[in-house]
>>> print(open('protein_11.txt').read())   # compact mmCIF, C-alpha atoms
# COMPACT_ATOMS: atom_id res chain seq x y z
CA MET A 1 126.55 106.70 51.67
CA LYS A 2 127.02 106.76 47.89
CA LYS A 3 123.45 105.53 47.43
CA VAL A 4 122.19 108.32 49.67
CA LEU A 5 124.02 111.00 47.69
CA LEU A 6 123.02 109.50 44.36
CA SER A 7 119.36 109.37 45.34
CA LEU A 8 119.46 112.97 46.51
CA LEU A 9 121.01 114.04 43.21
CA VAL A 10 118.30 112.18 41.28
CA VAL A 11 115.54 113.87 43.29
CA PHE A 12 117.00 117.35 42.95
CA ALA A 13 117.79 116.88 39.24
CA SER A 14 114.22 115.77 38.63
CA LEU A 15 112.92 118.89 40.37
CA ALA A 16 115.17 121.09 38.25
CA LEU A 17 114.14 119.30 35.06
CA PHE A 18 110.51 120.29 35.56
CA ALA A 19 111.33 123.88 36.62
CA LEU A 20 110.13 123.30 40.16
CA GLU A 21 110.66 125.51 43.16
CA PRO A 22 111.25 123.23 46.16
CA VAL A 23 110.95 124.50 49.72
CA TYR A 24 112.63 122.34 52.35
CA ASP A 25 110.98 122.22 55.76
CA VAL A 26 113.13 120.72 58.48
CA SER A 27 112.38 120.92 62.19
CA GLY A 28 112.80 118.83 65.30
CA THR A 29 114.97 118.16 68.31
CA ALA A 30 118.35 116.42 68.42
CA GLY A 31 120.76 115.51 71.18
CA PHE A 32 121.60 112.78 73.65
CA GLU A 33 120.94 111.79 77.25
CA PHE A 34 123.28 109.94 79.59
CA LYS A 35 121.58 108.24 82.57
CA MET A 36 122.99 106.27 85.48
CA ASP A 37 121.22 104.66 88.42
CA GLU A 38 122.13 102.06 91.05
CA SER A 39 122.05 99.16 88.58
CA ALA A 40 122.94 100.34 85.09
CA LEU A 41 123.76 103.16 82.74
CA ASP A 42 122.28 104.21 79.42
CA ILE A 43 123.43 106.52 76.67
CA GLU A 44 120.47 107.30 74.46
CA LYS A 45 119.91 109.45 71.43
CA VAL A 46 117.25 112.15 71.32
CA LEU A 47 115.89 112.77 67.84
CA THR A 48 112.48 113.92 66.76
CA SER A 49 112.33 115.36 63.28
CA ASP A 50 109.92 116.47 60.60
CA LEU A 51 111.65 116.67 57.24
CA SER A 52 109.63 117.38 54.13
CA ILE A 53 110.03 118.83 50.66
CA ASN A 54 107.20 121.07 49.46
CA VAL A 55 107.36 121.65 45.74
CA SER A 56 105.70 124.52 43.83
CA PHE A 57 105.40 123.91 40.09
CA THR A 58 106.07 126.99 37.99
CA THR A 59 103.14 127.60 35.64
CA GLU A 60 101.79 130.50 33.62
CA LEU A 61 98.20 129.57 34.38
CA PRO A 62 96.11 131.33 37.05
CA ALA A 63 96.60 128.33 39.27
CA THR A 64 99.08 126.71 41.64
CA LEU A 65 100.26 123.12 41.48
CA THR A 66 102.04 121.91 44.59
CA ALA A 67 103.28 118.62 45.98
CA GLY A 68 104.64 117.52 49.33
CA PHE A 69 107.13 114.76 50.07
CA THR A 70 108.67 113.27 53.17
CA PHE A 71 112.29 112.29 52.69
CA SER A 72 113.99 109.72 54.93
CA PRO A 73 117.77 109.74 54.51
CA VAL A 74 117.92 106.10 55.64
CA THR A 75 115.11 103.58 55.31
CA VAL A 76 115.69 100.01 56.48
CA THR A 77 113.65 97.29 54.74
CA THR A 78 113.82 93.67 55.89
CA GLU A 79 112.71 90.89 53.56
CA SER A 80 112.46 87.21 54.50
CA THR A 81 112.40 84.47 51.84
CA PRO A 82 111.81 80.78 52.73
CA VAL A 83 114.27 78.23 51.33
CA TYR A 84 112.86 74.83 50.31
CA ASP A 85 114.53 71.45 49.84
CA THR A 86 113.70 68.86 47.14
CA ASP A 87 110.69 67.64 49.16
CA SER A 88 109.21 71.15 49.23
CA ALA A 89 109.84 71.39 52.94
CA THR A 90 111.12 74.62 54.46
CA THR A 91 114.73 74.21 55.50
CA ASP A 92 115.74 77.78 56.20
CA VAL A 93 114.70 81.41 55.94
CA LEU A 94 116.89 83.80 54.00
CA THR A 95 116.72 87.30 55.42
CA SER A 96 118.00 90.33 53.54
CA VAL A 97 118.26 93.87 54.82
CA VAL A 98 118.17 96.78 52.38
CA VAL A 99 119.33 100.19 53.58
CA GLU A 100 118.55 103.08 51.24
CA PRO A 101 116.96 106.52 51.22
CA GLY A 102 113.21 106.72 51.16
CA LEU A 103 110.90 109.29 49.56
CA SER A 104 107.15 109.17 50.14
CA LEU A 105 104.45 111.35 48.65
CA ARG A 106 102.33 113.33 51.10
CA TYR A 107 100.01 115.17 48.72
CA VAL A 108 99.54 116.70 45.28
CA GLN A 109 97.25 119.71 44.95
CA TYR A 110 96.07 121.82 42.01
CA GLU A 111 94.41 125.06 43.11
CA GLU A 112 92.74 127.93 41.31
CA GLU A 113 90.96 130.96 42.71
CA ALA A 114 87.58 129.28 43.00
CA TRP A 115 88.38 125.57 43.37
CA LEU A 116 91.04 123.01 44.19
CA LEU A 117 91.75 119.33 43.60
CA ARG A 118 93.89 117.47 46.15
CA PHE A 119 95.24 113.92 46.30
CA GLU A 120 96.58 112.18 49.41
CA PRO A 121 97.74 108.56 49.77
CA ASN A 122 95.52 108.16 52.84
CA VAL A 123 92.15 109.43 53.98
CA ILE A 124 91.32 113.15 53.79
CA ALA A 125 89.35 114.12 56.89
CA LEU A 126 86.08 115.99 56.74
CA SER A 127 85.14 115.36 60.38
CA ASN A 128 85.59 112.81 63.14
CA TYR A 129 82.71 110.56 62.17
CA THR A 130 82.54 110.94 58.40
CA LEU A 131 86.04 110.77 56.94
CA SER A 132 88.77 110.83 59.55
CA GLY A 133 92.24 109.63 60.35
CA TYR A 134 90.65 106.70 62.14
CA THR A 135 89.47 105.28 58.80
CA ASN A 136 92.12 103.68 56.60
CA ALA A 137 92.48 104.45 52.89
CA VAL A 138 95.15 103.92 50.25
CA GLY A 139 94.25 107.11 48.40
CA SER A 140 91.68 109.88 48.29
CA LEU A 141 90.71 112.83 46.14
CA LYS A 142 89.19 116.08 47.37
CA LEU A 143 87.38 118.63 45.23
CA GLY A 144 86.93 121.92 47.04
CA LEU A 145 84.59 124.63 45.76
CA LYS A 146 86.01 127.52 47.74
CA ASP A 147 83.40 130.12 46.79
CA TYR A 148 80.65 127.94 48.21
CA GLY A 149 82.43 126.27 51.14
CA VAL A 150 81.72 122.84 49.66
CA ASN A 151 84.14 119.89 49.70
CA LEU A 152 83.68 116.53 47.97
CA VAL A 153 85.93 113.60 48.87
CA LEU A 154 86.30 110.13 47.36
CA ALA A 155 88.46 107.70 49.35
CA ASP A 156 89.65 104.29 48.15
CA ARG A 157 90.19 101.72 50.91
CA LEU A 158 91.71 98.89 48.84
CA ALA A 159 94.31 99.01 46.06
CA GLY A 160 94.62 96.90 42.95
CA GLU A 161 90.96 96.20 42.23
CA VAL A 162 90.94 97.51 38.67
CA THR A 163 92.15 95.15 35.93
CA PRO A 164 92.88 97.11 32.72
CA HIS A 165 91.03 95.91 29.61
CA ALA A 166 88.98 93.38 31.59
CA THR A 167 85.40 92.64 30.54
CA GLY A 168 82.38 92.03 32.72
CA ASP A 169 79.21 93.54 34.13
CA PHE A 170 79.34 96.98 35.73
CA ALA A 171 78.98 96.91 39.50
CA ILE A 172 79.31 99.42 42.30
CA PRO A 173 82.94 99.15 43.46
CA GLY A 174 83.57 98.06 47.01
CA ASN A 175 85.87 99.54 49.64
CA TRP A 176 85.32 103.20 48.94
CA ILE A 177 83.84 106.19 50.76
CA LEU A 178 82.11 109.17 49.22
CA GLY A 179 81.88 112.24 51.44
CA ALA A 180 80.76 115.84 51.25
CA SER A 181 80.92 118.77 53.63
CA TYR A 182 79.71 122.35 53.81
CA ASP A 183 81.55 124.99 55.84
CA LEU A 184 78.78 126.67 57.81
CA ASP A 185 79.11 130.44 58.25
CA VAL A 186 75.71 132.08 58.42
CA SER A 187 74.82 135.13 60.55
CA GLY A 188 77.69 134.53 62.93
CA VAL A 189 77.03 130.79 63.26
CA LYS A 190 80.12 128.81 62.24
CA GLY A 191 80.57 125.09 61.95
CA LEU A 192 80.41 122.15 59.59
CA VAL A 193 77.76 119.99 57.97
CA ALA A 194 79.08 116.73 56.56
CA GLY A 195 77.91 113.39 55.25
CA ALA A 196 79.52 110.23 53.95
CA TYR A 197 78.57 106.93 52.37
CA LYS A 198 80.89 104.02 53.14
CA PHE A 199 80.55 100.99 50.86
CA GLU A 200 82.46 97.80 51.63
CA ASP A 201 80.28 95.06 50.17
CA ALA A 202 76.64 94.06 49.94
CA THR A 203 76.50 93.24 53.65
CA ASN A 204 78.04 96.37 55.10
CA ASN A 205 77.09 99.84 53.89
CA ARG A 206 77.12 102.89 56.13
CA VAL A 207 75.62 106.35 55.88
CA THR A 208 76.78 109.10 58.24
CA LEU A 209 75.40 112.60 58.76
CA GLU A 210 77.08 115.08 61.07
CA GLY A 211 76.59 118.68 62.08
CA LYS A 212 79.01 120.72 64.15
CA VAL A 213 78.58 124.20 65.60
CA THR A 214 81.78 125.81 66.86
CA GLU A 215 80.77 129.45 67.19
CA VAL A 216 77.43 131.10 67.95
CA PRO A 217 76.75 134.85 68.40
CA VAL A 218 75.64 134.49 72.03
CA PRO A 219 77.38 135.44 75.26
CA GLY A 220 79.75 132.76 76.44
CA SER A 221 80.87 129.72 74.49
CA LEU A 222 78.44 127.23 72.94
CA SER A 223 79.40 124.13 70.96
CA ALA A 224 77.36 121.30 69.51
CA ASP A 225 78.10 118.06 67.69
CA LEU A 226 75.30 115.93 66.22
CA VAL A 227 75.93 112.58 64.52
CA PHE A 228 73.64 110.00 62.96
CA GLY A 229 74.92 106.76 61.48
CA LEU A 230 73.06 103.96 59.72
CA LEU A 231 74.75 100.62 59.03
CA ASN A 232 72.97 98.34 56.59
CA PHE A 233 73.40 94.56 56.80
CA GLY A 234 72.27 92.69 53.70
CA ASP A 235 72.70 89.06 54.78
CA ASP A 236 70.27 86.77 56.58
CA THR A 237 72.27 86.29 59.76
CA THR A 238 71.85 89.77 61.19
CA ASP A 239 69.30 92.54 61.37
CA ASP A 240 68.60 94.45 58.19
CA SER A 241 70.13 97.60 59.65
CA THR A 242 71.23 99.25 62.83
CA SER A 243 71.54 102.94 63.65
CA ALA A 244 73.62 105.04 65.98
CA TYR A 245 73.50 108.61 67.15
CA ARG A 246 75.48 111.13 69.15
CA VAL A 247 74.39 114.43 70.66
CA ASP A 248 77.09 116.46 72.40
CA LEU A 249 76.31 119.95 73.72
CA ALA A 250 78.44 122.20 75.92
CA TYR A 251 78.04 125.77 77.16
CA GLU A 252 80.04 127.97 79.49
CA TYR A 253 79.85 131.64 80.38
CA PRO A 254 82.81 133.26 82.18
CA LEU A 255 81.94 136.16 84.51
CA GLU A 256 85.03 138.31 84.96
CA MET A 257 85.13 140.41 88.14
CA ASP A 258 88.81 141.24 88.50
CA PRO A 259 90.62 139.54 90.22
CA VAL A 260 87.98 136.77 90.26
CA THR A 261 86.58 134.87 87.27
CA VAL A 262 83.53 132.65 87.75
CA THR A 263 82.67 130.23 84.92
CA PRO A 264 79.41 128.26 85.10
CA HIS A 265 79.32 125.39 82.61
CA VAL A 266 76.87 122.69 81.56
CA GLY A 267 77.14 119.75 79.20
CA PHE A 268 74.99 117.05 77.66
CA THR A 269 76.25 113.91 75.91
CA TRP A 270 74.02 111.15 74.57
CA GLN A 271 75.53 108.54 72.26
CA ASN A 272 74.23 105.10 71.50
CA ASN A 273 75.33 102.09 69.41
CA LEU A 274 78.43 103.74 67.98
CA GLU A 275 80.41 100.59 68.83
CA THR A 276 78.54 98.68 66.12
CA VAL A 277 78.25 101.30 63.43
CA TYR A 278 81.80 102.65 63.90
CA ALA A 279 83.59 99.42 64.86
CA GLU A 280 86.63 100.12 62.68
CA GLU A 281 87.10 103.65 63.97
CA GLY A 282 86.58 102.54 67.58
CA GLY A 283 89.28 99.90 67.21
CA ALA A 284 91.64 102.61 65.99
CA GLY A 285 91.07 104.88 68.98
CA LEU A 286 87.86 106.86 68.47
CA PHE A 287 85.74 106.92 71.64
CA VAL A 288 82.52 105.08 70.75
CA ALA A 289 81.23 103.53 74.00
CA ASP A 290 77.60 104.22 74.87
CA LYS A 291 77.25 107.32 76.99
CA GLN A 292 74.27 109.16 78.45
CA GLU A 293 75.16 111.92 80.88
CA VAL A 294 74.49 115.46 81.97
CA THR A 295 77.22 117.61 83.53
CA ALA A 296 77.25 120.92 85.37
CA GLY A 297 79.61 122.96 87.48
CA VAL A 298 81.04 126.32 88.40
CA ASP A 299 84.78 126.96 88.05
CA VAL A 300 86.35 129.79 90.04
CA SER A 301 89.71 131.44 89.43
CA TYR A 302 91.36 134.08 91.64
CA LEU A 303 94.48 135.82 90.40
CA ALA A 304 96.16 138.46 92.50
CA ALA A 305 99.91 138.14 91.99
CA PRO A 306 101.79 136.43 93.51
CA LEU A 307 98.80 134.25 94.54
CA THR A 308 96.66 132.13 92.21
CA VAL A 309 93.68 130.09 93.38
CA ASP A 310 91.67 127.84 91.06
CA LEU A 311 88.68 125.61 91.66
CA THR A 312 87.37 123.34 88.92
CA ASP A 313 84.38 121.11 89.49
CA LYS A 314 82.01 118.94 87.53
CA LEU A 315 78.88 117.14 88.68
CA THR A 316 78.00 114.26 86.35
CA ILE A 317 74.65 112.48 86.18
CA ASN A 318 75.06 109.15 84.40
CA LEU A 319 71.72 108.10 82.89
CA LEU A 320 72.97 104.99 81.11
CA ASP A 321 71.72 102.60 83.81
CA ALA A 322 68.15 102.25 85.04
CA THR A 323 69.07 104.16 88.20
CA PRO A 324 70.98 107.43 87.62
CA VAL A 325 74.49 107.59 89.10
CA TYR A 326 75.72 110.93 90.46
CA SER A 327 79.47 111.55 90.51
CA LEU A 328 81.60 114.57 91.38
CA ALA A 329 85.07 115.70 90.31
CA LEU A 330 86.54 118.64 92.24
CA THR A 331 90.07 120.07 92.07
CA PRO A 332 91.14 123.09 94.17
CA THR A 333 94.61 124.48 93.41
CA VAL A 334 96.59 127.11 95.28
CA GLU A 335 99.86 128.42 93.86
CA TYR A 336 102.21 131.09 95.18
CA ALA A 337 104.99 132.65 93.10
CA ILE A 338 107.96 133.07 95.40
CA SER A 339 109.90 134.84 92.66
CA ASP A 340 110.23 134.86 88.91
CA LEU A 341 112.13 131.58 89.19
CA SER A 342 110.28 129.87 92.04
CA VAL A 343 106.77 128.69 92.79
CA VAL A 344 105.10 126.58 95.45
CA GLY A 345 101.65 125.06 95.23
CA VAL A 346 99.20 122.35 96.15
CA GLU A 347 96.36 120.73 94.21
CA VAL A 348 93.80 118.34 95.67
CA PRO A 349 91.88 116.32 93.04
CA VAL A 350 88.77 114.85 94.67
CA GLU A 351 86.56 112.32 92.90
CA VAL A 352 83.41 110.63 94.16
CA ALA A 353 82.31 107.90 91.74
CA ASP A 354 78.86 107.55 93.37
CA LEU A 355 77.49 110.24 95.68
CA THR A 356 75.00 107.78 97.19
CA ASP A 357 77.97 105.70 98.38
CA PHE A 358 80.26 108.57 99.29
CA ALA A 359 82.47 106.80 101.83
CA SER A 360 83.58 103.86 99.70
CA THR A 361 83.84 105.65 96.31
CA LEU A 362 85.80 108.69 97.50
CA SER A 363 89.25 109.18 95.97
CA ILE A 364 91.61 112.00 96.94
CA THR A 365 95.10 112.63 95.59
CA PRO A 366 96.66 115.71 97.24
CA HIS A 367 99.76 116.86 95.40
CA GLY A 368 102.15 119.42 96.80
CA TYR A 369 104.95 120.79 94.64
CA LEU A 370 107.86 123.21 94.87
CA THR A 371 110.10 124.57 92.14
CA TYR A 372 112.93 126.74 93.44
CA GLY A 373 115.38 128.49 91.16
CA VAL A 374 118.57 129.41 92.96
CA ALA A 375 119.38 133.06 92.43
CA GLU A 376 122.42 133.96 90.31
CA VAL A 377 123.29 130.32 89.53
CA PRO A 378 121.49 128.11 86.96
CA VAL A 379 120.34 125.53 89.52
CA THR A 380 116.73 124.47 89.96
CA LEU A 381 115.42 122.39 92.86
CA ALA A 382 112.05 120.66 92.61
CA ALA A 383 110.04 118.50 94.98
CA ASP A 384 106.67 116.74 94.73
CA VAL A 385 104.62 114.82 97.27
CA TYR A 386 101.51 112.78 96.40
CA TYR A 387 99.05 111.11 98.75
CA PHE A 388 96.77 108.39 97.34
CA PHE A 389 93.39 107.78 98.97
CA GLU A 390 91.41 105.54 96.61
CA ASP A 391 87.84 104.23 96.94
CA GLY A 392 87.44 105.20 100.55
CA GLU A 393 90.75 103.97 101.98
CA PRO A 394 94.48 104.71 101.68
CA GLU A 395 96.51 102.81 99.13
CA GLU A 396 98.97 100.19 100.33
CA ASN A 397 101.79 102.69 99.78
CA PRO A 398 99.91 105.97 100.06
CA ILE A 399 102.71 108.54 99.72
CA ALA A 400 104.99 109.20 96.76
CA TYR A 401 108.05 111.40 97.18
CA ILE A 402 109.92 112.99 94.28
CA ALA A 403 113.02 115.20 94.35
CA ASN A 404 114.87 116.68 91.39
CA VAL A 405 117.88 118.92 91.02
CA SER A 406 119.07 120.27 87.68
CA TYR A 407 121.97 122.43 86.60
CA ALA A 408 121.84 124.28 83.28
CA ILE A 409 125.40 124.34 81.99
CA ASN A 410 124.24 126.49 79.08
CA ASP A 411 121.15 126.85 76.92
CA TYR A 412 121.66 123.37 75.44
CA ILE A 413 123.32 121.18 78.09
CA SER A 414 121.99 120.31 81.53
CA ALA A 415 122.81 117.81 84.25
CA GLY A 416 120.80 116.62 87.19
CA ALA A 417 119.57 113.96 89.55
CA HIS A 418 116.23 112.35 90.33
CA LEU A 419 115.18 110.60 93.54
CA GLY A 420 111.76 109.12 94.21
CA ASN A 421 109.47 106.19 94.92
CA GLU A 422 106.73 107.11 92.44
CA THR A 423 105.18 104.82 89.83
CA LEU A 424 103.96 106.06 86.45
CA ASP A 425 101.23 105.11 84.00
CA VAL A 426 101.81 104.65 80.27
CA TYR A 427 101.38 108.40 79.76
CA GLY A 428 104.06 109.32 82.30
CA ASN A 429 101.61 110.52 84.96
CA VAL A 430 102.23 109.67 88.63
CA ASN A 431 99.63 107.05 89.62
CA GLY A 432 101.05 105.37 92.72
CA ALA A 433 103.99 104.76 95.01
CA ASP A 434 106.42 102.01 95.94
CA THR A 435 107.67 101.46 99.47
CA LEU A 436 110.47 103.71 100.66
CA ALA A 437 112.70 100.63 100.54
CA ASP A 438 112.20 100.76 96.76
CA LEU A 439 113.34 104.37 96.50
CA HIS A 440 115.00 104.80 93.13
CA TRP A 441 117.46 107.32 91.77
CA TYR A 442 119.28 108.24 88.60
CA LEU A 443 121.72 110.85 87.32
CA TYR A 444 121.60 112.38 83.90
CA LEU A 445 123.53 114.57 81.48
CA LYS A 446 121.43 115.87 78.63
CA ALA A 447 122.24 117.90 75.52
CA GLN A 448 119.45 119.03 73.21
CA PHE A 449 118.90 121.65 70.59
CA LYS A 450 115.96 122.47 68.36
CA PHE A 451 116.21 123.00 64.62
>>> encode(input="protein_11.txt", output="structure tokens")
Amino acid sequence: MKKVLLSLLVVFASLALFALEPVYDVSGTAGFEFKMDESALDIEKVLTSDLSINVSFTTELPATLTAGFTFSPVTVTTESTPVYDTDSATTDVLTSVVVEPGLSLRYVQYEEEAWLLRFEPNVIALSNYTLSGYTNAVGSLKLGLKDYGVNLVLADRLAGEVTPHATGDFAIPGNWILGASYDLDVSGVKGLVAGAYKFEDATNNRVTLEGKVTEVPVPGSLSADLVFGLLNFGDDTTDDSTSAYRVDLAYEYPLEMDPVTVTPHVGFTWQNNLETVYAEEGGAGLFVADKQEVTAGVDVSYLAAPLTVDLTDKLTINLLDATPVYSLALTPTVEYAISDLSVVGVEVPVEVADLTDFASTLSITPHGYLTYGVAEVPVTLAADVYYFFEDGEPEENPIAYIANVSYAINDYISAGAHLGNETLDVYGNVNGADTLADLHWYLYLKAQFKF
């Protein structure tokens, strides 16, 4: 605890020494949850927080110098050191744990009326395919020319390459990315034009060009994303170069005829060879699989309180294979507001993976739900029922039942019970059912507050 207080005093004294004006941003959720089921009990903490210190440097120049930090009151660092005997053989591993506060730099930015210079100890994004959070970097600099909508970024992907006072021949440094972007805003057309050159070594250099349109002065909503990437191989074991491209267009036009809204929509996506050119980004989560498809549909929404009816649909033509594959996704939803506290509804997602083989590729997952708030007491009852019909036949356990009851003791504390036979995917979505013999239950007491 003394180390924590001492470190805080050092940080704050340093800020005062340089006549800084820190602003402390703290937000998150804190509390606990007590759970009990037929086999065990858990008492778990609930804590999600975002604590940062934004510092404004006081200057007399027509400029602003700011910095951002993230402060961790407790940072645990574990270090392992091998122990050797006289024969240089490992006999043991000495492990030490250091617990101390942590302070990390988020950014430093110098800004004037017409331009700014920003540093971040990671990559500064221009767009998804040029410089993005999917690409790693140890540091990057951004020069923004605000009057012209131009941004220049230099990102360094490897630290410790420069040796002070060393001699040698000048060479283009490896592991860096040079990017530029232009904020497009011409005659009502808004978007982004960006490009980047990624240099790793003589056998792997990449050039990316991208154009995005987010707003066009036409009725409805039109968006476009165009990407071209060229990866150059300089060795003798591969092709000299390989290219990739992506064309993504979408348009929708809502027709509002109260209480009905009809929204026709079309889309076109054509991307090829991104897996090779953007291998690093794909491994980090960017969707890069080859895709050639056309989509179309008409969504309908009817709102006449207390009744809401929605129909979303999308016909997809997959042109990636020699023979086009036609698929359909259709979801009608009907919801009725019983009161301000209660609602009942049903949604029926229908998917046909191949319309030429309708019977065996049909999947239907009807989902009925009820949320009932008991009048004059803070009790809420909820029930869900799912039916799983996958690839033309019912699942082994086709029905999932879920029941919940919760009691709000006050604005911060609630208690309740859950009963069901549902199974969940990694995202917490219901994706199947166990047998009724495997019906599970748990009780909970939860206290949470936001700050």
>>> atom_distance(input="protein_11.txt", atom1="CA of Ala329 (chain A)", atom2="CA of Ser223 (chain A)")
21.9 Å
>>> atom_distance(input="protein_11.txt", atom1="CA of His165 (chain A)", atom2="CA of Gly139 (chain A)")
22.1 Å
>>> atom_distance(input="protein_11.txt", atom1="CA of Thr269 (chain A)", atom2="CA of Thr208 (chain A)")
18.3 Å
>>> closest_atom_pairs(input="protein_11.txt", of="region 309-357 of chain A", to="region 369-388 of chain A", cutoff="10 Å", atoms="all atoms listed in the file", output="CSV")
residue,atom,partner,partner_atom,distance
A:Glu335,CA,A:Tyr369,CA,9.2
A:Tyr336,CA,A:Leu370,CA,9.7
A:Ala337,CA,A:Thr371,CA,9.6
A:Ile338,CA,A:Tyr372,CA,8.3
A:Ser339,CA,A:Gly373,CA,8.5
A:Asp340,CA,A:Gly373,CA,8.5
A:Leu341,CA,A:Gly373,CA,4.9
A:Ser342,CA,A:Tyr372,CA,4.3
A:Val343,CA,A:Thr371,CA,5.3
A:Val344,CA,A:Leu370,CA,4.4
A:Gly345,CA,A:Tyr369,CA,5.4
A:Val346,CA,A:Tyr369,CA,6.1
A:Glu347,CA,A:Tyr369,CA,8.6
A:Val348,CA,A:Tyr387,CA,9.5
>>> closest_residue(input="protein_11.txt", among="A:Thr64, A:Thr163, A:Thr356, A:Ser27", to="Leu47 (chain A)", atoms="all atoms listed in the file")
A:Ser27
>>> residues_around(input="protein_11.txt", residues="Thr423 (chain A)", least_positions_apart="5", cutoff="12 Å", atoms="only C-alpha atoms", output="VMD selection string")
chain A and resid 386 388 397 to 402 428 to 435 438 to 440
>>> closest_residue(input="protein_11.txt", among="A:Asp391, A:Glu113, A:Asp321, A:Glu256", to="Glu351 (chain A)", atoms="all atoms listed in the file")
A:Asp391
>>> residues_around(input="protein_11.txt", residues="Asn410 (chain A)", least_positions_apart="3", cutoff="10 Å", atoms="all atoms listed in the file", output="PDB file with C-alpha atoms, keeping the file's coordinate frame")
ATOM      1  CA  PRO A 378     121.490 128.110  86.960  1.00  0.00           C
ATOM      2  CA  TYR A 407     121.970 122.430  86.600  1.00  0.00           C
ATOM      3  CA  ILE A 413     123.320 121.180  78.090  1.00  0.00           C
ATOM      4  CA  SER A 414     121.990 120.310  81.530  1.00  0.00           C
ATOM      5  CA  ALA A 447     122.240 117.900  75.520  1.00  0.00           C
TER       6      ALA A 447
END
>>> closest_residue(input="protein_11.txt", among="A:Ser127, A:Asn204, A:Gln109, A:Ser241", to="Ser140 (chain A)", atoms="only C-alpha atoms")
A:Gln109
>>> residues_around(input="protein_11.txt", residues="Thr214 (chain A)", least_positions_apart="5", cutoff="8 Å", atoms="all atoms listed in the file", output="CSV table (one decimal) with C-alpha atoms, keeping the file's coordinate frame")
chain,number,residue,atom,x,y,z
A,189,VAL,CA,77.0,130.8,63.3
A,190,LYS,CA,80.1,128.8,62.2
A,191,GLY,CA,80.6,125.1,62.0
A,222,LEU,CA,78.4,127.2,72.9
A,223,SER,CA,79.4,124.1,71.0
A,224,ALA,CA,77.4,121.3,69.5
>>> residues_near_point(input="protein_11.txt", point="(81.9, 132.7, 73.9)", cutoff="12 Å", atoms="all atoms listed in the file", output="ChimeraX atom specification")
/A:188-189,214-223,250-255,263,265
>>> residues_around(input="protein_11.txt", residues="Ile124 (chain A)", least_positions_apart="5", cutoff="9 Å", atoms="all atoms listed in the file", output="list in words")
Phe119, Leu131, Ser132, Gly133, Ala137, Gly139, Ser140, Leu141, Lys142, Val153, Leu154 and Ala155 of chain A
>>> closest_atom_pairs(input="protein_11.txt", of="region 386-417 of chain A", to="region 36-39 of chain A", cutoff="12 Å", atoms="only C-alpha atoms", output="CSV")
residue,atom,partner,partner_atom,distance
A:Ala415,CA,A:Met36,CA,11.6
A:Gly416,CA,A:Met36,CA,10.7
A:Ala417,CA,A:Met36,CA,9.3
>>> closest_residue(input="protein_11.txt", among="A:Tyr197, A:Tyr148, A:Trp176, A:Phe233", to="Tyr129 (chain A)", atoms="all atoms listed in the file")
A:Tyr197
>>> closest_residue(input="protein_11.txt", among="A:Asn232, A:Ala284, A:Tyr302, A:Tyr427", to="Val262 (chain A)", atoms="only C-alpha atoms")
A:Tyr302
>>> residues_around(input="protein_11.txt", residues="Tyr412 (chain A)", least_positions_apart="6", cutoff="10 Å", atoms="only C-alpha atoms", output="mmCIF file with C-alpha atoms, in the frame of the given file")
data_model
loop_
_atom_site.group_PDB
_atom_site.id
_atom_site.type_symbol
_atom_site.label_atom_id
_atom_site.label_comp_id
_atom_site.auth_asym_id
_atom_site.auth_seq_id
_atom_site.Cartn_x
_atom_site.Cartn_y
_atom_site.Cartn_z
ATOM 1 C CA GLY A 31 120.760 115.510 71.180
ATOM 2 C CA LYS A 446 121.430 115.870 78.630
ATOM 3 C CA ALA A 447 122.240 117.900 75.520
ATOM 4 C CA GLN A 448 119.450 119.030 73.210
ATOM 5 C CA PHE A 449 118.900 121.650 70.590
ATOM 6 C CA LYS A 450 115.960 122.470 68.360
#
>>> closest_residue(input="protein_11.txt", among="A:Asn205, A:Thr365, A:Asn318, A:Gln271", to="Leu226 (chain A)", atoms="all atoms listed in the file")
A:Gln271
>>> decode(input="protein_11.txt", residues="region 103-107 of chain A", atoms="N, CA, C and O atoms", output="tab-separated table (two decimals), in the first residue's frame")
chain	number	residue	atom	x	y	z
A	103	LEU	N	1.79	2.60	-14.73
A	103	LEU	CA	1.37	3.78	-15.48
A	103	LEU	C	1.85	3.61	-16.92
A	103	LEU	O	3.05	3.45	-17.16
A	104	SER	N	0.93	3.61	-17.86
A	104	SER	CA	1.30	3.44	-19.27
A	104	SER	C	0.84	4.66	-20.07
A	104	SER	O	-0.20	5.27	-19.78
A	105	LEU	N	1.63	5.00	-21.06
A	105	LEU	CA	1.35	6.16	-21.90
A	105	LEU	C	0.40	5.76	-23.02
A	105	LEU	O	0.62	4.77	-23.73
A	106	ARG	N	-0.66	6.53	-23.20
A	106	ARG	CA	-1.62	6.27	-24.27
A	106	ARG	C	-1.33	7.12	-25.50
A	106	ARG	O	-1.45	6.66	-26.62
A	107	TYR	N	-0.99	8.39	-25.30
A	107	TYR	CA	-0.68	9.25	-26.43
A	107	TYR	C	-0.04	10.54	-25.94
A	107	TYR	O	-0.15	10.91	-24.77
